[in-house]
>>> print(open('start_17.cif').read())   # mmCIF, C-alpha atoms
data_entry
#
loop_
_atom_site.group_PDB
_atom_site.id
_atom_site.type_symbol
_atom_site.label_atom_id
_atom_site.label_comp_id
_atom_site.auth_asym_id
_atom_site.auth_seq_id
_atom_site.Cartn_x
_atom_site.Cartn_y
_atom_site.Cartn_z
ATOM 1 C CA MET A 3 -2.576 -9.200 -79.688
ATOM 2 C CA ALA A 4 -3.784 -10.098 -83.152
ATOM 3 C CA SER A 5 -7.328 -11.163 -83.904
ATOM 4 C CA VAL A 6 -8.520 -13.272 -86.797
ATOM 5 C CA LEU A 7 -10.851 -11.722 -89.363
ATOM 6 C CA LYS A 8 -12.855 -13.617 -91.960
ATOM 7 C CA LYS A 9 -13.724 -11.879 -95.191
ATOM 8 C CA ARG A 10 -14.911 -13.502 -98.409
ATOM 9 C CA GLY A 11 -13.774 -16.901 -97.218
ATOM 10 C CA ALA A 12 -10.222 -15.783 -96.465
ATOM 11 C CA VAL A 13 -8.777 -15.783 -92.989
ATOM 12 C CA ARG A 14 -6.246 -13.103 -92.160
ATOM 13 C CA GLN A 15 -4.664 -11.573 -89.105
ATOM 14 C CA ALA A 16 -5.631 -8.046 -88.059
ATOM 15 C CA ASP A 17 -3.090 -6.001 -86.130
ATOM 16 C CA THR A 18 -4.854 -4.633 -83.062
ATOM 17 C CA ARG A 19 -1.748 -3.762 -81.094
ATOM 18 C CA GLY A 20 -1.278 -0.229 -79.898
ATOM 19 C CA VAL A 21 1.818 1.855 -80.449
ATOM 20 C CA SER A 22 4.513 1.086 -77.891
ATOM 21 C CA GLY A 23 5.943 4.567 -77.683
ATOM 22 C CA GLU A 24 8.317 4.118 -80.604
ATOM 23 C CA ILE A 25 7.725 6.051 -83.772
ATOM 24 C CA PRO A 26 6.761 3.585 -86.493
ATOM 25 C CA ALA A 27 8.545 3.376 -89.823
ATOM 26 C CA LYS A 28 12.129 3.386 -88.584
ATOM 27 C CA GLY A 29 13.491 3.993 -92.105
ATOM 28 C CA VAL A 30 11.551 7.219 -92.525
ATOM 29 C CA SER A 31 13.665 10.246 -93.351
ATOM 30 C CA GLY A 32 13.743 13.902 -92.327
ATOM 31 C CA ARG A 33 10.511 15.845 -92.148
ATOM 32 C CA PHE A 34 8.438 12.686 -92.558
ATOM 33 C CA ARG A 35 9.918 11.288 -89.349
ATOM 34 C CA ASP A 36 9.227 14.659 -87.716
ATOM 35 C CA ALA A 37 5.602 14.483 -88.895
ATOM 36 C CA LEU A 38 5.313 11.055 -87.261
ATOM 37 C CA ALA A 39 6.850 12.433 -84.050
ATOM 38 C CA ILE A 40 4.325 15.290 -83.986
ATOM 39 C CA ALA A 41 1.458 12.883 -84.687
ATOM 40 C CA GLN A 42 2.670 10.640 -81.869
ATOM 41 C CA GLN A 43 2.923 13.566 -79.432
ATOM 42 C CA ALA A 44 -0.626 14.585 -80.415
ATOM 43 C CA GLY A 45 -1.853 11.061 -79.653
ATOM 44 C CA LEU A 46 -2.772 10.322 -83.260
ATOM 45 C CA LEU A 47 -0.804 7.063 -83.364
ATOM 46 C CA ARG A 48 -2.310 5.565 -80.192
ATOM 47 C CA GLY A 49 -4.728 2.680 -80.199
ATOM 48 C CA GLY A 50 -5.236 -0.378 -82.292
ATOM 49 C CA ARG A 51 -4.562 -0.372 -85.975
ATOM 50 C CA THR A 52 -8.007 -1.464 -87.038
ATOM 51 C CA LYS A 53 -8.947 1.044 -89.771
ATOM 52 C CA ILE A 54 -8.317 -0.265 -93.273
ATOM 53 C CA VAL A 55 -7.453 2.337 -95.911
ATOM 54 C CA ARG A 56 -6.774 1.251 -99.447
ATOM 55 C CA GLY A 57 -6.791 2.498 -102.980
ATOM 56 C CA ARG A 58 -5.270 1.934 -106.366
ATOM 57 C CA MET A 59 -2.328 4.175 -107.203
ATOM 58 C CA PRO A 60 0.028 4.430 -110.176
ATOM 59 C CA ASN A 61 3.109 2.307 -109.479
ATOM 60 C CA ALA A 62 5.475 5.165 -110.396
ATOM 61 C CA LEU A 63 3.825 7.429 -107.797
ATOM 62 C CA VAL A 64 4.090 4.799 -105.068
ATOM 63 C CA GLN A 65 7.724 3.965 -105.857
ATOM 64 C CA LYS A 66 8.771 7.635 -105.960
ATOM 65 C CA ALA A 67 6.945 8.335 -102.672
ATOM 66 C CA LYS A 68 8.646 5.356 -101.012
ATOM 67 C CA ALA A 69 12.049 6.463 -102.283
ATOM 68 C CA SER A 70 11.473 10.056 -101.140
ATOM 69 C CA SER A 71 10.202 9.111 -97.702
ATOM 70 C CA GLY A 72 12.488 6.173 -96.979
ATOM 71 C CA VAL A 73 9.685 3.736 -96.168
ATOM 72 C CA HIS A 74 9.480 0.234 -97.594
ATOM 73 C CA SER A 75 5.923 -0.984 -97.038
ATOM 74 C CA ASP A 76 2.631 0.335 -98.375
ATOM 75 C CA THR A 77 1.241 0.533 -94.839
ATOM 76 C CA GLU A 78 4.147 2.685 -93.657
ATOM 77 C CA LEU A 79 3.755 4.888 -96.727
ATOM 78 C CA ILE A 80 0.080 5.510 -96.006
ATOM 79 C CA GLU A 81 0.842 6.166 -92.317
ATOM 80 C CA VAL A 82 3.568 8.694 -93.182
ATOM 81 C CA ALA A 83 1.355 10.412 -95.754
ATOM 82 C CA LEU A 84 -1.600 10.649 -93.353
ATOM 83 C CA ALA A 85 0.596 11.900 -90.506
ATOM 84 C CA ASN A 86 2.128 14.489 -92.819
ATOM 85 C CA LEU A 87 -1.325 15.742 -93.813
ATOM 86 C CA ALA A 88 -2.723 15.611 -90.275
ATOM 87 C CA VAL A 89 0.038 17.698 -88.685
ATOM 88 C CA ALA A 90 1.181 19.869 -91.604
ATOM 89 C CA ASP A 91 0.133 23.108 -89.905
ATOM 90 C CA GLU A 92 1.892 22.121 -86.674
ATOM 91 C CA TYR A 93 5.286 21.361 -88.216
ATOM 92 C CA PRO A 94 6.794 24.885 -88.169
ATOM 93 C CA ALA A 95 5.827 25.447 -84.519
ATOM 94 C CA TRP A 96 7.117 22.015 -83.518
ATOM 95 C CA LEU A 97 10.398 22.539 -85.367
ATOM 96 C CA LEU A 98 10.954 25.865 -83.611
ATOM 97 C CA SER A 99 10.112 24.241 -80.263
ATOM 98 C CA GLN A 100 13.037 21.840 -80.784
ATOM 99 C CA ARG A 101 15.519 24.737 -80.655
ATOM 100 C CA GLY A 102 17.980 24.220 -77.851
ATOM 101 C CA THR A 103 17.198 20.524 -77.343
ATOM 102 C CA VAL A 104 20.699 19.539 -78.471
ATOM 103 C CA SER A 105 23.278 20.252 -75.812
ATOM 104 C CA LYS A 106 25.756 22.990 -76.672
ATOM 105 C CA ASP A 107 28.478 20.522 -75.622
ATOM 106 C CA THR A 108 27.546 18.082 -78.407
ATOM 107 C CA ASP A 109 30.288 17.824 -81.023
ATOM 108 C CA LEU A 110 28.613 18.351 -84.397
ATOM 109 C CA GLU A 111 31.901 17.821 -86.241
ATOM 110 C CA PHE A 112 31.916 21.175 -88.029
#
>>> encode(input="start_17.cif", output="C-alpha cells")
Amino acid sequence: MASVLKKRGAVRQADTRGVSGEIPAKGVSGRFRDALAIAQQAGLLRGGRTKIVRGRMPNALVQKAKASSGVHSDTELIEVALANLAVADEYPAWLLSQRGTVSKDTDLEF
C-alpha cells in the first residue's frame, strides 16, 4: 500500500510495498539478474522500499549502465548496482551451486 509524503509543499506517493517473491527489474540481463536473485535469496530485497538514494551522475554513465544492464528506470539501475555490490563476493559460490539445476533431459538445441 502506498502512503502519501509531503516534502517542500509537494505531495508524492511513497512505495511501501514489499517484494512479492518476484525478482524486480524483469529486463535485467545475465549476471545482474543473478545478483538480484542472490540478493533476494539473502533477504536483501524484502520489506518496504522506503530508503531514498539519489545523486547526480553524468548522463553518459547512466545511459551506458542502463544499456549494459538491460534496465530502463533509474530506480531499477540503482537497485541492480546495489545488489551487485552487496553480493559480489557470493556470486561465484552461487553460480557453482546452480550446477545440475537444469535437467539433463532438457533440449539445449546444440
>>> atom_distance(input="start_17.cif", atom1="CA of Ala95 in chain A", atom2="CA of Leu63 in chain A")
29.5 Å
>>> atom_distance(input="start_17.cif", atom1="CA of Leu47 in chain A", atom2="CA of Asn86 in chain A")
12.4 Å
>>> atom_distance(input="start_17.cif", atom1="CA of Pro94 in chain A", atom2="CA of Ala37 in chain A")
10.5 Å
>>> axis_aligned_box(input="start_17.cif", around="range 31-37 of chain A", padding_each_side="4 Å", output="JSON")
{"center_x": 9.7, "center_y": 13.0, "center_z": -90.5, "size_x": 16.1, "size_y": 13.6, "size_z": 13.6}
>>> resolve_selection(input="start_17.cif", expression="the PyMOL selection byres ((chain A and resi 67) around 12)", output="mmCIF file with C-alpha atoms, in the coordinates of the input")
data_model
loop_
_atom_site.group_PDB
_atom_site.id
_atom_site.type_symbol
_atom_site.label_atom_id
_atom_site.label_comp_id
_atom_site.auth_asym_id
_atom_site.auth_seq_id
_atom_site.Cartn_x
_atom_site.Cartn_y
_atom_site.Cartn_z
ATOM 1 C CA VAL A 30 11.551 7.219 -92.525
ATOM 2 C CA SER A 31 13.665 10.246 -93.351
ATOM 3 C CA PHE A 34 8.438 12.686 -92.558
ATOM 4 C CA MET A 59 -2.328 4.175 -107.203
ATOM 5 C CA PRO A 60 0.028 4.430 -110.176
ATOM 6 C CA ASN A 61 3.109 2.307 -109.479
ATOM 7 C CA ALA A 62 5.475 5.165 -110.396
ATOM 8 C CA LEU A 63 3.825 7.429 -107.797
ATOM 9 C CA VAL A 64 4.090 4.799 -105.068
ATOM 10 C CA GLN A 65 7.724 3.965 -105.857
ATOM 11 C CA LYS A 66 8.771 7.635 -105.960
ATOM 12 C CA LYS A 68 8.646 5.356 -101.012
ATOM 13 C CA ALA A 69 12.049 6.463 -102.283
ATOM 14 C CA SER A 70 11.473 10.056 -101.140
ATOM 15 C CA SER A 71 10.202 9.111 -97.702
ATOM 16 C CA GLY A 72 12.488 6.173 -96.979
ATOM 17 C CA VAL A 73 9.685 3.736 -96.168
ATOM 18 C CA HIS A 74 9.480 0.234 -97.594
ATOM 19 C CA SER A 75 5.923 -0.984 -97.038
ATOM 20 C CA ASP A 76 2.631 0.335 -98.375
ATOM 21 C CA GLU A 78 4.147 2.685 -93.657
ATOM 22 C CA LEU A 79 3.755 4.888 -96.727
ATOM 23 C CA ILE A 80 0.080 5.510 -96.006
ATOM 24 C CA VAL A 82 3.568 8.694 -93.182
ATOM 25 C CA ALA A 83 1.355 10.412 -95.754
#
